[in-house]
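Visitor: Dropping in work_24.pdb, with PDB, C-alpha atoms.
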```pdb
ATOM      1  CA  MET A  30     -58.691  63.049 -26.602
ATOM      2  CA  VAL A  31     -60.575  65.092 -24.012
ATOM      3  CA  ASN A  32     -61.936  63.459 -20.887
ATOM      4  CA  TYR A  33     -64.062  65.040 -18.183
ATOM      5  CA  ASP A  34     -61.059  65.801 -15.965
ATOM      6  CA  ILE A  35     -59.694  68.418 -18.404
ATOM      7  CA  VAL A  36     -62.834  69.709 -20.135
ATOM      8  CA  GLN A  37     -62.765  73.143 -18.448
ATOM      9  CA  GLN A  38     -59.100  73.663 -19.309
ATOM     10  CA  MET A  39     -59.696  72.478 -22.867
ATOM     11  CA  SER A  40     -62.541  74.968 -23.195
ATOM     12  CA  LEU A  41     -60.347  77.768 -21.844
ATOM     13  CA  SER A  42     -57.785  77.023 -24.569
ATOM     14  CA  SER A  43     -60.416  77.996 -27.178
ATOM     15  CA  THR A  44     -60.200  81.632 -26.060
ATOM     16  CA  GLU A  45     -59.069  83.924 -28.882
ATOM     17  CA  TYR A  46     -55.831  85.054 -27.271
ATOM     18  CA  PRO A  47     -53.488  87.229 -29.383
ATOM     19  CA  ASP A  48     -50.779  85.649 -31.542
ATOM     20  CA  GLY A  49     -47.769  84.558 -29.514
ATOM     21  CA  VAL A  50     -49.738  83.694 -26.346
ATOM     22  CA  ASN A  51     -48.979  80.171 -25.119
ATOM     23  CA  GLU A  52     -52.379  78.506 -24.740
ATOM     24  CA  PHE A  53     -50.833  75.618 -22.799
ATOM     25  CA  GLU A  54     -49.890  78.117 -20.085
ATOM     26  CA  LYS A  55     -53.246  79.917 -20.244
ATOM     27  CA  ALA A  56     -55.135  76.634 -19.887
ATOM     28  CA  GLY A  57     -52.775  75.237 -17.248
ATOM     29  CA  LEU A  58     -52.004  72.162 -19.333
ATOM     30  CA  THR A  59     -48.578  70.526 -19.562
ATOM     31  CA  MET A  60     -46.537  70.580 -22.779
ATOM     32  CA  LEU A  61     -45.206  67.082 -23.476
ATOM     33  CA  LYS A  62     -42.581  66.621 -26.181
ATOM     34  CA  SER A  63     -43.679  64.316 -28.992
ATOM     35  CA  ASP A  64     -41.531  61.437 -30.233
ATOM     36  CA  ILE A  65     -42.024  61.937 -33.970
ATOM     37  CA  VAL A  66     -43.745  65.239 -34.783
ATOM     38  CA  LYS A  67     -42.848  68.793 -33.761
ATOM     39  CA  PRO A  68     -46.056  69.859 -31.968
ATOM     40  CA  PHE A  69     -46.240  69.139 -28.245
ATOM     41  CA  ARG A  70     -48.805  66.795 -26.760
ATOM     42  CA  VAL A  71     -51.153  67.504 -23.830
ATOM     43  CA  ALA A  72     -49.733  65.478 -20.950
ATOM     44  CA  GLU A  73     -53.054  65.391 -19.083
ATOM     45  CA  SER A  74     -54.919  63.806 -22.007
ATOM     46  CA  PRO A  75     -55.526  60.047 -21.564
ATOM     47  CA  VAL A  76     -54.953  59.338 -25.280
ATOM     48  CA  GLN A  77     -52.649  61.392 -27.509
ATOM     49  CA  PHE A  78     -52.107  61.087 -31.260
ATOM     50  CA  GLU A  79     -48.995  62.166 -33.129
ATOM     51  CA  CYS A  80     -50.142  62.957 -36.663
ATOM     52  CA  ARG A  81     -48.925  64.131 -40.052
ATOM     53  CA  VAL A  82     -51.274  66.515 -41.881
ATOM     54  CA  ASN A  83     -51.999  65.116 -45.339
ATOM     55  CA  ASP A  84     -54.591  67.613 -46.523
ATOM     56  CA  ILE A  85     -56.649  70.615 -45.415
ATOM     57  CA  ILE A  86     -59.963  71.054 -47.213
ATOM     58  CA  SER A  87     -61.829  74.352 -46.934
ATOM     59  CA  LEU A  88     -65.540  73.899 -46.196
ATOM     60  CA  GLY A  89     -66.564  77.379 -47.306
ATOM     61  CA  ASN A  90     -66.010  81.079 -46.720
ATOM     62  CA  GLU A  91     -69.010  81.854 -44.544
ATOM     63  CA  GLY A  92     -68.834  82.168 -40.757
ATOM     64  CA  GLY A  93     -68.373  78.851 -38.996
ATOM     65  CA  ALA A  94     -67.530  76.967 -42.208
ATOM     66  CA  GLY A  95     -64.066  75.894 -41.023
ATOM     67  CA  ASN A  96     -61.716  73.342 -42.537
ATOM     68  CA  LEU A  97     -61.578  69.574 -42.729
ATOM     69  CA  VAL A  98     -58.100  68.425 -41.678
ATOM     70  CA  ILE A  99     -57.085  64.964 -42.884
ATOM     71  CA  CYS A 100     -54.223  63.420 -40.927
ATOM     72  CA  GLU A 101     -52.219  60.233 -40.822
ATOM     73  CA  VAL A 102     -51.734  58.876 -37.308
ATOM     74  CA  LEU A 103     -48.051  58.091 -36.786
ATOM     75  CA  LYS A 104     -48.087  57.138 -33.112
ATOM     76  CA  ILE A 105     -50.622  56.742 -30.311
ATOM     77  CA  HIS A 106     -49.940  57.248 -26.595
ATOM     78  CA  ILE A 107     -52.405  55.679 -24.124
ATOM     79  CA  ASP A 108     -52.365  56.159 -20.359
ATOM     80  CA  GLU A 109     -52.399  52.680 -18.779
ATOM     81  CA  ALA A 110     -54.685  54.011 -16.037
ATOM     82  CA  VAL A 111     -57.631  53.930 -18.471
ATOM     83  CA  LEU A 112     -57.090  50.284 -19.484
ATOM     84  CA  ASP A 113     -58.969  47.287 -18.162
ATOM     85  CA  ALA A 114     -57.492  43.934 -17.083
ATOM     86  CA  ASN A 115     -57.292  42.830 -20.719
ATOM     87  CA  GLY A 116     -55.350  45.896 -21.845
ATOM     88  CA  VAL A 117     -58.379  47.427 -23.582
ATOM     89  CA  ILE A 118     -59.633  50.980 -22.944
ATOM     90  CA  ASP A 119     -62.288  50.959 -20.228
ATOM     91  CA  GLN A 120     -64.963  53.461 -21.305
ATOM     92  CA  TYR A 121     -65.907  54.233 -17.700
ATOM     93  CA  LYS A 122     -62.316  54.877 -16.662
ATOM     94  CA  ILE A 123     -61.478  57.098 -19.644
ATOM     95  CA  ASP A 124     -64.651  59.188 -19.079
ATOM     96  CA  LEU A 125     -64.616  60.926 -22.477
ATOM     97  CA  VAL A 126     -66.670  63.994 -23.390
ATOM     98  CA  ALA A 127     -68.239  64.813 -26.759
ATOM     99  CA  ARG A 128     -68.743  68.304 -28.194
ATOM    100  CA  CYS A 129     -72.323  69.331 -28.873
ATOM    101  CA  GLY A 130     -73.684  72.725 -29.954
ATOM    102  CA  GLY A 131     -73.263  76.022 -28.118
ATOM    103  CA  ASN A 132     -72.090  75.521 -24.532
ATOM    104  CA  TRP A 133     -73.184  71.895 -24.475
ATOM    105  CA  TYR A 134     -71.090  68.757 -24.102
ATOM    106  CA  SER A 135     -71.995  65.156 -23.395
ATOM    107  CA  ARG A 136     -70.194  63.058 -20.818
ATOM    108  CA  ALA A 137     -70.030  59.501 -22.096
ATOM    109  CA  ASN A 138     -71.105  57.942 -18.805
ATOM    110  CA  ALA A 139     -73.342  60.698 -17.411
ATOM    111  CA  GLY A 140     -75.099  62.634 -20.194
ATOM    112  CA  LEU A 141     -75.311  66.336 -21.043
ATOM    113  CA  PHE A 142     -73.622  69.231 -19.249
ATOM    114  CA  GLU A 143     -72.699  72.842 -20.029
ATOM    115  CA  VAL A 144     -69.337  74.587 -20.232
ATOM    116  CA  GLU A 145     -69.535  78.348 -20.703
ATOM    117  CA  LYS A 146     -67.537  79.145 -23.839
ATOM    118  CA  PRO A 147     -64.933  81.931 -23.538
ATOM    119  CA  ILE A 148     -65.927  83.575 -26.826
ATOM    120  CA  SER A 149     -67.049  87.092 -25.917
ATOM    121  CA  THR A 150     -64.584  87.483 -23.047
ATOM    122  CA  LEU A 151     -60.846  86.995 -22.628
ATOM    123  CA  GLY A 152     -60.155  84.744 -19.653
ATOM    124  CA  ILE A 153     -57.222  85.697 -17.433
ATOM    125  CA  GLY A 154     -55.798  82.196 -17.892
ATOM    126  CA  VAL A 155     -54.462  79.648 -15.433
ATOM    127  CA  ASP A 156     -51.031  81.271 -15.603
ATOM    128  CA  SER A 157     -52.510  84.315 -13.811
ATOM    129  CA  ILE A 158     -53.755  82.272 -10.857
ATOM    130  CA  PRO A 159     -51.539  82.500  -7.723
ATOM    131  CA  ASP A 160     -49.560  79.356  -6.890
ATOM    132  CA  PHE A 161     -51.241  78.912  -3.504
ATOM    133  CA  ILE A 162     -54.479  78.286  -5.396
ATOM    134  CA  LYS A 163     -53.031  76.182  -8.211
ATOM    135  CA  ASN A 164     -51.105  74.010  -5.747
ATOM    136  CA  SER A 165     -54.083  73.396  -3.459
ATOM    137  CA  SER A 166     -55.102  69.763  -3.032
ATOM    138  CA  VAL A 167     -58.753  70.826  -2.950
ATOM    139  CA  PHE A 168     -59.112  71.991  -6.551
ATOM    140  CA  THR A 169     -59.283  69.795  -9.641
ATOM    141  CA  GLY A 170     -58.047  70.769 -13.085
ATOM    142  CA  ASN A 171     -61.628  71.671 -13.988
ATOM    143  CA  ASP A 172     -61.863  73.958 -10.941
ATOM    144  CA  ILE A 173     -58.646  75.697 -11.941
ATOM    145  CA  GLY A 174     -59.918  75.994 -15.515
ATOM    146  CA  LYS A 175     -63.058  77.754 -14.268
ATOM    147  CA  LEU A 176     -61.001  80.111 -12.109
ATOM    148  CA  GLY A 177     -58.913  81.008 -15.160
ATOM    149  CA  ASN A 178     -61.958  81.720 -17.305
ATOM    150  CA  ILE A 179     -62.960  84.980 -15.600
ATOM    151  CA  GLU A 180     -62.316  88.280 -17.341
ATOM    152  CA  ALA A 181     -60.830  90.071 -14.316
ATOM    153  CA  ILE A 182     -59.852  89.248 -10.729
ATOM    154  CA  PRO A 183     -62.154  90.955  -8.173
ATOM    155  CA  SER A 184     -60.849  94.187  -6.688
ATOM    156  CA  GLU A 185     -60.030  94.649  -3.006
ATOM    157  CA  GLU A 186     -63.135  96.815  -2.637
ATOM    158  CA  GLU A 187     -65.357  94.122  -4.182
ATOM    159  CA  ILE A 188     -63.835  91.494  -1.871
ATOM    160  CA  THR A 189     -64.319  93.673   1.221
ATOM    161  CA  ILE A 190     -67.990  94.299   0.420
ATOM    162  CA  PHE A 191     -68.560  90.601  -0.275
ATOM    163  CA  VAL A 192     -67.063  89.542   3.069
ATOM    164  CA  LYS A 193     -68.999  92.181   5.034
ATOM    165  CA  GLU A 194     -72.286  90.983   3.513
ATOM    166  CA  ASN A 195     -71.633  87.259   3.985
ATOM    167  CA  PHE A 196     -71.667  85.887   7.531
ATOM    168  CA  ALA A 197     -70.677  82.347   6.486
ATOM    169  CA  VAL A 198     -67.575  83.644   4.713
ATOM    170  CA  LYS A 199     -66.585  85.766   7.731
ATOM    171  CA  ALA A 200     -66.916  82.707   9.971
ATOM    172  CA  VAL A 201     -64.605  80.644   7.766
ATOM    173  CA  LEU A 202     -62.057  83.450   7.498
ATOM    174  CA  SER A 203     -62.030  83.989  11.271
ATOM    175  CA  ALA A 204     -61.129  80.323  11.754
ATOM    176  CA  ASP A 205     -57.894  80.954   9.855
ATOM    177  CA  ASP A 206     -58.108  77.490   8.282
ATOM    178  CA  THR A 207     -56.802  77.384   4.716
ATOM    179  CA  LEU A 208     -58.390  74.018   3.968
ATOM    180  CA  LYS A 209     -61.861  75.207   5.012
ATOM    181  CA  LYS A 210     -61.360  78.388   3.012
ATOM    182  CA  HIS A 211     -60.511  76.411  -0.117
ATOM    183  CA  GLU A 212     -63.392  74.001   0.468
ATOM    184  CA  LEU A 213     -65.811  76.931   0.693
ATOM    185  CA  ALA A 214     -64.400  78.368  -2.536
ATOM    186  CA  LYS A 215     -64.871  74.980  -4.186
ATOM    187  CA  GLU A 216     -68.539  75.002  -3.163
ATOM    188  CA  TYR A 217     -68.968  78.308  -4.979
ATOM    189  CA  ILE A 218     -67.192  76.906  -8.049
ATOM    190  CA  GLU A 219     -69.455  73.858  -8.088
ATOM    191  CA  ASN A 220     -72.457  76.204  -7.964
ATOM    192  CA  ASN A 221     -71.048  78.125 -10.958
ATOM    193  CA  ASP A 222     -70.339  81.231  -8.879
ATOM    194  CA  VAL A 223     -66.668  81.573  -9.756
ATOM    195  CA  ILE A 224     -66.415  85.267  -8.885
ATOM    196  CA  SER A 225     -67.496  84.545  -5.301
ATOM    197  CA  ALA A 226     -64.962  81.699  -5.174
ATOM    198  CA  TRP A 227     -62.247  84.190  -6.118
ATOM    199  CA  LYS A 228     -63.424  86.609  -3.433
ATOM    200  CA  VAL A 229     -63.222  83.890  -0.788
ATOM    201  CA  LEU A 230     -59.741  82.828  -1.900
ATOM    202  CA  LEU A 231     -58.357  86.373  -1.906
ATOM    203  CA  ALA A 232     -60.090  87.579   1.235
ATOM    204  CA  ASN A 233     -58.278  88.266   4.482
ATOM    205  CA  LYS A 234     -59.801  88.025   7.965
TER     206      LYS A 234
END
```
Is it possible to express this structure as structure tokens?
Guide:
Amino acid sequence: MVNYDIVQQMSLSSTEYPDGVNEFEKAGLTMLKSDIVKPFRVAESPVQFECRVNDIISLGNEGGAGNLVICEVLKIHIDEAVLDANGVIDQYKIDLVARCGGNWYSRANAGLFEVEKPISTLGIGVDSIPDFIKNSSVFTGNDIGKLGNIEAIPSEEEITIFVKENFAVKAVLSADDTLKKHELAKEYIENNDVISAWKVLLANK
């Protein structure tokens, strides 16, 4: 099940990468060995189902028709962190999201929001993000997912121009404070300006 904490990474995994590409690595999600079935589980997911496929029913041949997959649930894994005092799933703690049309999702406890779908572009993937960014305490999994959803990392020339034209960025860089630098990048991410976030993260003084 997908909760809000991993929605950006989940969306990134829908990118049409070539055969043989590990989408766990591209999305920055952790492969967790299952107890009964062969496929791995997503460690970050609050609820995971191990299933046996009983039937696959084609819903047509036209674009977007898809298939209906009927499964038997063999085992369920639930993170105790999303349970209430009575051992029942707390809907506020689990913070699930529902898929709507286009780029739209609905957050169970907060309403509609958008996640840009990586359909027309091929995101670089979380595995292409430098460790100093992935290991930062400032960024959430969703932030990292957004950083991995760009088509190309900005060039040195693009970064240089960006810094020269942005006084606030130059001020942060001159302070030589990694935390402030990452916090500024996070502000750009939260304003859906991921390219500028990358430029801040990769910029030198």
Visitor: Go through A:Asp34, A:Asp64, A:Asp206, A:Asp172 one by one, measure the shortest atom-to-atom distance of each to His106 of chain A using all atoms listed in the file, and give the residue with the smallest value.
Guide: A:Asp64
Visitor: Quick one: which residues end up in the PyMOL selection byres ((chain A and resi 40) around 9) for this structure, as an MDAnalysis selection string?
Guide: chainID A and resid 35:39 41:44 56 144:147 174 178
Visitor: Neighbouring residues of Asn96 of chain A were defined as those with any atom within 6 Å, considering all atoms listed in the file; residues of the same chain fewer than 3 positions away were excluded. Please report them as a list in words.
Guide: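 Answer for this query is Ile86, Ser87 and Leu88 of chain A.
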Visitor: Just say which residues the PyMOL selection byres ((chain A and resi 72) around 12) picks in this file, as a PyMOL selection string.
Guide: chain A and resi 30-31+35+53+57-63+69-71+73-78+106-108
Visitor: Kindly give the distance, in Å, that separates atom CA of Gly130 of chain A and atom CA of Gly170 of chain A, rounded to a single decimal.
Guide: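 Calculated distance between atom CA of Gly130 of chain A and atom CA of Gly170 of chain A is 23.1 Å.
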Visitor: Please, which residues are within 8 Å of (-65.4, 80.7, -1.3) by the file's coordinates, counting only C-alpha atoms, and could they come as a compact mmCIF listing (two decimals) with C-alpha atoms, in the coordinates of the input?
Guide:
```txt
# COMPACT_ATOMS: atom_id res chain seq x y z
CA VAL A 198 -67.58 83.64 4.71
CA LYS A 210 -61.36 78.39 3.01
CA HIS A 211 -60.51 76.41 -0.12
CA GLU A 212 -63.39 74.00 0.47
CA LEU A 213 -65.81 76.93 0.69
CA ALA A 214 -64.40 78.37 -2.54
CA LYS A 215 -64.87 74.98 -4.19
CA GLU A 216 -68.54 75.00 -3.16
CA TYR A 217 -68.97 78.31 -4.98
CA ILE A 218 -67.19 76.91 -8.05
CA SER A 225 -67.50 84.54 -5.30
CA ALA A 226 -64.96 81.70 -5.17
CA TRP A 227 -62.25 84.19 -6.12
CA LYS A 228 -63.42 86.61 -3.43
CA VAL A 229 -63.22 83.89 -0.79
CA LEU A 230 -59.74 82.83 -1.90
```
Visitor: For Cys80 of chain A, which residue among A:Lys67, A:Gln120, A:Cys100, A:Ala94 is the nearest when counting all atoms listed in the file?
Guide: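 So, comparing all the options, the nearest one is A:Cys100.
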Visitor: Where does the PyMOL selection byres ((chain A and resi 151-160) around 8) land in this file, that is, which residues does it pick, as number ranges by chain?
Guide: A: 41, 44-46, 54-57, 147-150, 161-164, 173-174, 176-181
Visitor: Include C-alpha atoms and write out the residues we just selected as a PDB file, in the coordinates of the input.
Guide:
```pdb
ATOM      1  CA  LEU A  41     -60.347  77.768 -21.844  1.00  0.00           C
ATOM      2  CA  THR A  44     -60.200  81.632 -26.060  1.00  0.00           C
ATOM      3  CA  GLU A  45     -59.069  83.924 -28.882  1.00  0.00           C
ATOM      4  CA  TYR A  46     -55.831  85.054 -27.271  1.00  0.00           C
ATOM      5  CA  GLU A  54     -49.890  78.117 -20.085  1.00  0.00           C
ATOM      6  CA  LYS A  55     -53.246  79.917 -20.244  1.00  0.00           C
ATOM      7  CA  ALA A  56     -55.135  76.634 -19.887  1.00  0.00           C
ATOM      8  CA  GLY A  57     -52.775  75.237 -17.248  1.00  0.00           C
ATOM      9  CA  PRO A 147     -64.933  81.931 -23.538  1.00  0.00           C
ATOM     10  CA  ILE A 148     -65.927  83.575 -26.826  1.00  0.00           C
ATOM     11  CA  SER A 149     -67.049  87.092 -25.917  1.00  0.00           C
ATOM     12  CA  THR A 150     -64.584  87.483 -23.047  1.00  0.00           C
ATOM     13  CA  PHE A 161     -51.241  78.912  -3.504  1.00  0.00           C
ATOM     14  CA  ILE A 162     -54.479  78.286  -5.396  1.00  0.00           C
ATOM     15  CA  LYS A 163     -53.031  76.182  -8.211  1.00  0.00           C
ATOM     16  CA  ASN A 164     -51.105  74.010  -5.747  1.00  0.00           C
ATOM     17  CA  ILE A 173     -58.646  75.697 -11.941  1.00  0.00           C
ATOM     18  CA  GLY A 174     -59.918  75.994 -15.515  1.00  0.00           C
ATOM     19  CA  LEU A 176     -61.001  80.111 -12.109  1.00  0.00           C
ATOM     20  CA  GLY A 177     -58.913  81.008 -15.160  1.00  0.00           C
ATOM     21  CA  ASN A 178     -61.958  81.720 -17.305  1.00  0.00           C
ATOM     22  CA  ILE A 179     -62.960  84.980 -15.600  1.00  0.00           C
ATOM     23  CA  GLU A 180     -62.316  88.280 -17.341  1.00  0.00           C
ATOM     24  CA  ALA A 181     -60.830  90.071 -14.316  1.00  0.00           C
TER      25      ALA A 181
END
```
Visitor: How many Å separate atom CA of Val82 of chain A from atom CA of Val50 of chain A?
Guide: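 Answer for the atom CA of Val82 of chain A to atom CA of Val50 of chain A separation: 23.2 Å.
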Visitor: Give me the residues near Lys193 of chain A as a list in words, where near means some atom within 12 Å (using all atoms listed in the file) and where sequence neighbours in that chain fewer than 2 positions away do not count.
Guide: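 Skipping anything fewer than 2 positions along the chain leaves Glu186, Glu187, Ile188, Thr189, Ile190, Phe191, Asn195, Phe196, Ala197, Val198, Lys199, Ala200, Leu202, Lys228, Val229, Ala232, Asn233 and Lys234 of chain A.
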Visitor: Restricted to C-alpha atoms, what would the selected residues look like written as an mmCIF file, in the coordinates of the input?
Guide:
```
data_model
loop_
_atom_site.group_PDB
_atom_site.id
_atom_site.type_symbol
_atom_site.label_atom_id
_atom_site.label_comp_id
_atom_site.auth_asym_id
_atom_site.auth_seq_id
_atom_site.Cartn_x
_atom_site.Cartn_y
_atom_site.Cartn_z
ATOM 1 C CA GLU A 186 -63.135 96.815 -2.637
ATOM 2 C CA GLU A 187 -65.357 94.122 -4.182
ATOM 3 C CA ILE A 188 -63.835 91.494 -1.871
ATOM 4 C CA THR A 189 -64.319 93.673 1.221
ATOM 5 C CA ILE A 190 -67.990 94.299 0.420
ATOM 6 C CA PHE A 191 -68.560 90.601 -0.275
ATOM 7 C CA ASN A 195 -71.633 87.259 3.985
ATOM 8 C CA PHE A 196 -71.667 85.887 7.531
ATOM 9 C CA ALA A 197 -70.677 82.347 6.486
ATOM 10 C CA VAL A 198 -67.575 83.644 4.713
ATOM 11 C CA LYS A 199 -66.585 85.766 7.731
ATOM 12 C CA ALA A 200 -66.916 82.707 9.971
ATOM 13 C CA LEU A 202 -62.057 83.450 7.498
ATOM 14 C CA LYS A 228 -63.424 86.609 -3.433
ATOM 15 C CA VAL A 229 -63.222 83.890 -0.788
ATOM 16 C CA ALA A 232 -60.090 87.579 1.235
ATOM 17 C CA ASN A 233 -58.278 88.266 4.482
ATOM 18 C CA LYS A 234 -59.801 88.025 7.965
#
```
Visitor: Smallest atom-to-atom distance to Lys175 of chain A: which of A:Asn51, A:Thr207, A:Asn221, A:Asn132, using all atoms listed in the file?
Guide: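 With all atoms listed in the file as the atom set, the closest residue is A:Asn221.
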Visitor: Leaving out Asn138 of chain A and any residue of its chain fewer than 4 positions from it, which residues lie within 9 Å of it when counting all atoms listed in the file, given as a VMD selection string?
Guide: chain A and resid 120 to 121 124 to 126
Visitor: What is the atom CA of Ala110 of chain A-atom CA of Ser135 of chain A distance in Å, reported with one decimal?
Guide: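 Taking atom CA of Ala110 of chain A as the start and atom CA of Ser135 of chain A as the end point, the length is 21.9 Å.
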Visitor: Using all atoms listed in the file, which residue out of A:Pro183, A:Thr169, A:Ile85, A:Glu79 lies closest to Glu101 of chain A?
Guide: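 Between A:Pro183, A:Thr169, A:Ile85, A:Glu79, the residue approaching Glu101 of chain A most closely is A:Glu79.
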Visitor: Write out as a ChimeraX atom specification each polymer residue whose atoms come within 12 Å of Glu109 of chain A, counting all atoms listed in the file; drop sequence neighbours fewer than 5 positions from it.
Guide: /A:74-76,114-119,122-123
Visitor: With C-alpha atoms retained, write the just-selected residues as an mmCIF file, in the coordinates of the input.
Guide:
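again_32.cif, freshly written:
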```cif
data_model
loop_
_atom_site.group_PDB
_atom_site.id
_atom_site.type_symbol
_atom_site.label_atom_id
_atom_site.label_comp_id
_atom_site.auth_asym_id
_atom_site.auth_seq_id
_atom_site.Cartn_x
_atom_site.Cartn_y
_atom_site.Cartn_z
ATOM 1 C CA SER A 74 -54.919 63.806 -22.007
ATOM 2 C CA PRO A 75 -55.526 60.047 -21.564
ATOM 3 C CA VAL A 76 -54.953 59.338 -25.280
ATOM 4 C CA ALA A 114 -57.492 43.934 -17.083
ATOM 5 C CA ASN A 115 -57.292 42.830 -20.719
ATOM 6 C CA GLY A 116 -55.350 45.896 -21.845
ATOM 7 C CA VAL A 117 -58.379 47.427 -23.582
ATOM 8 C CA ILE A 118 -59.633 50.980 -22.944
ATOM 9 C CA ASP A 119 -62.288 50.959 -20.228
ATOM 10 C CA LYS A 122 -62.316 54.877 -16.662
ATOM 11 C CA ILE A 123 -61.478 57.098 -19.644
#
```
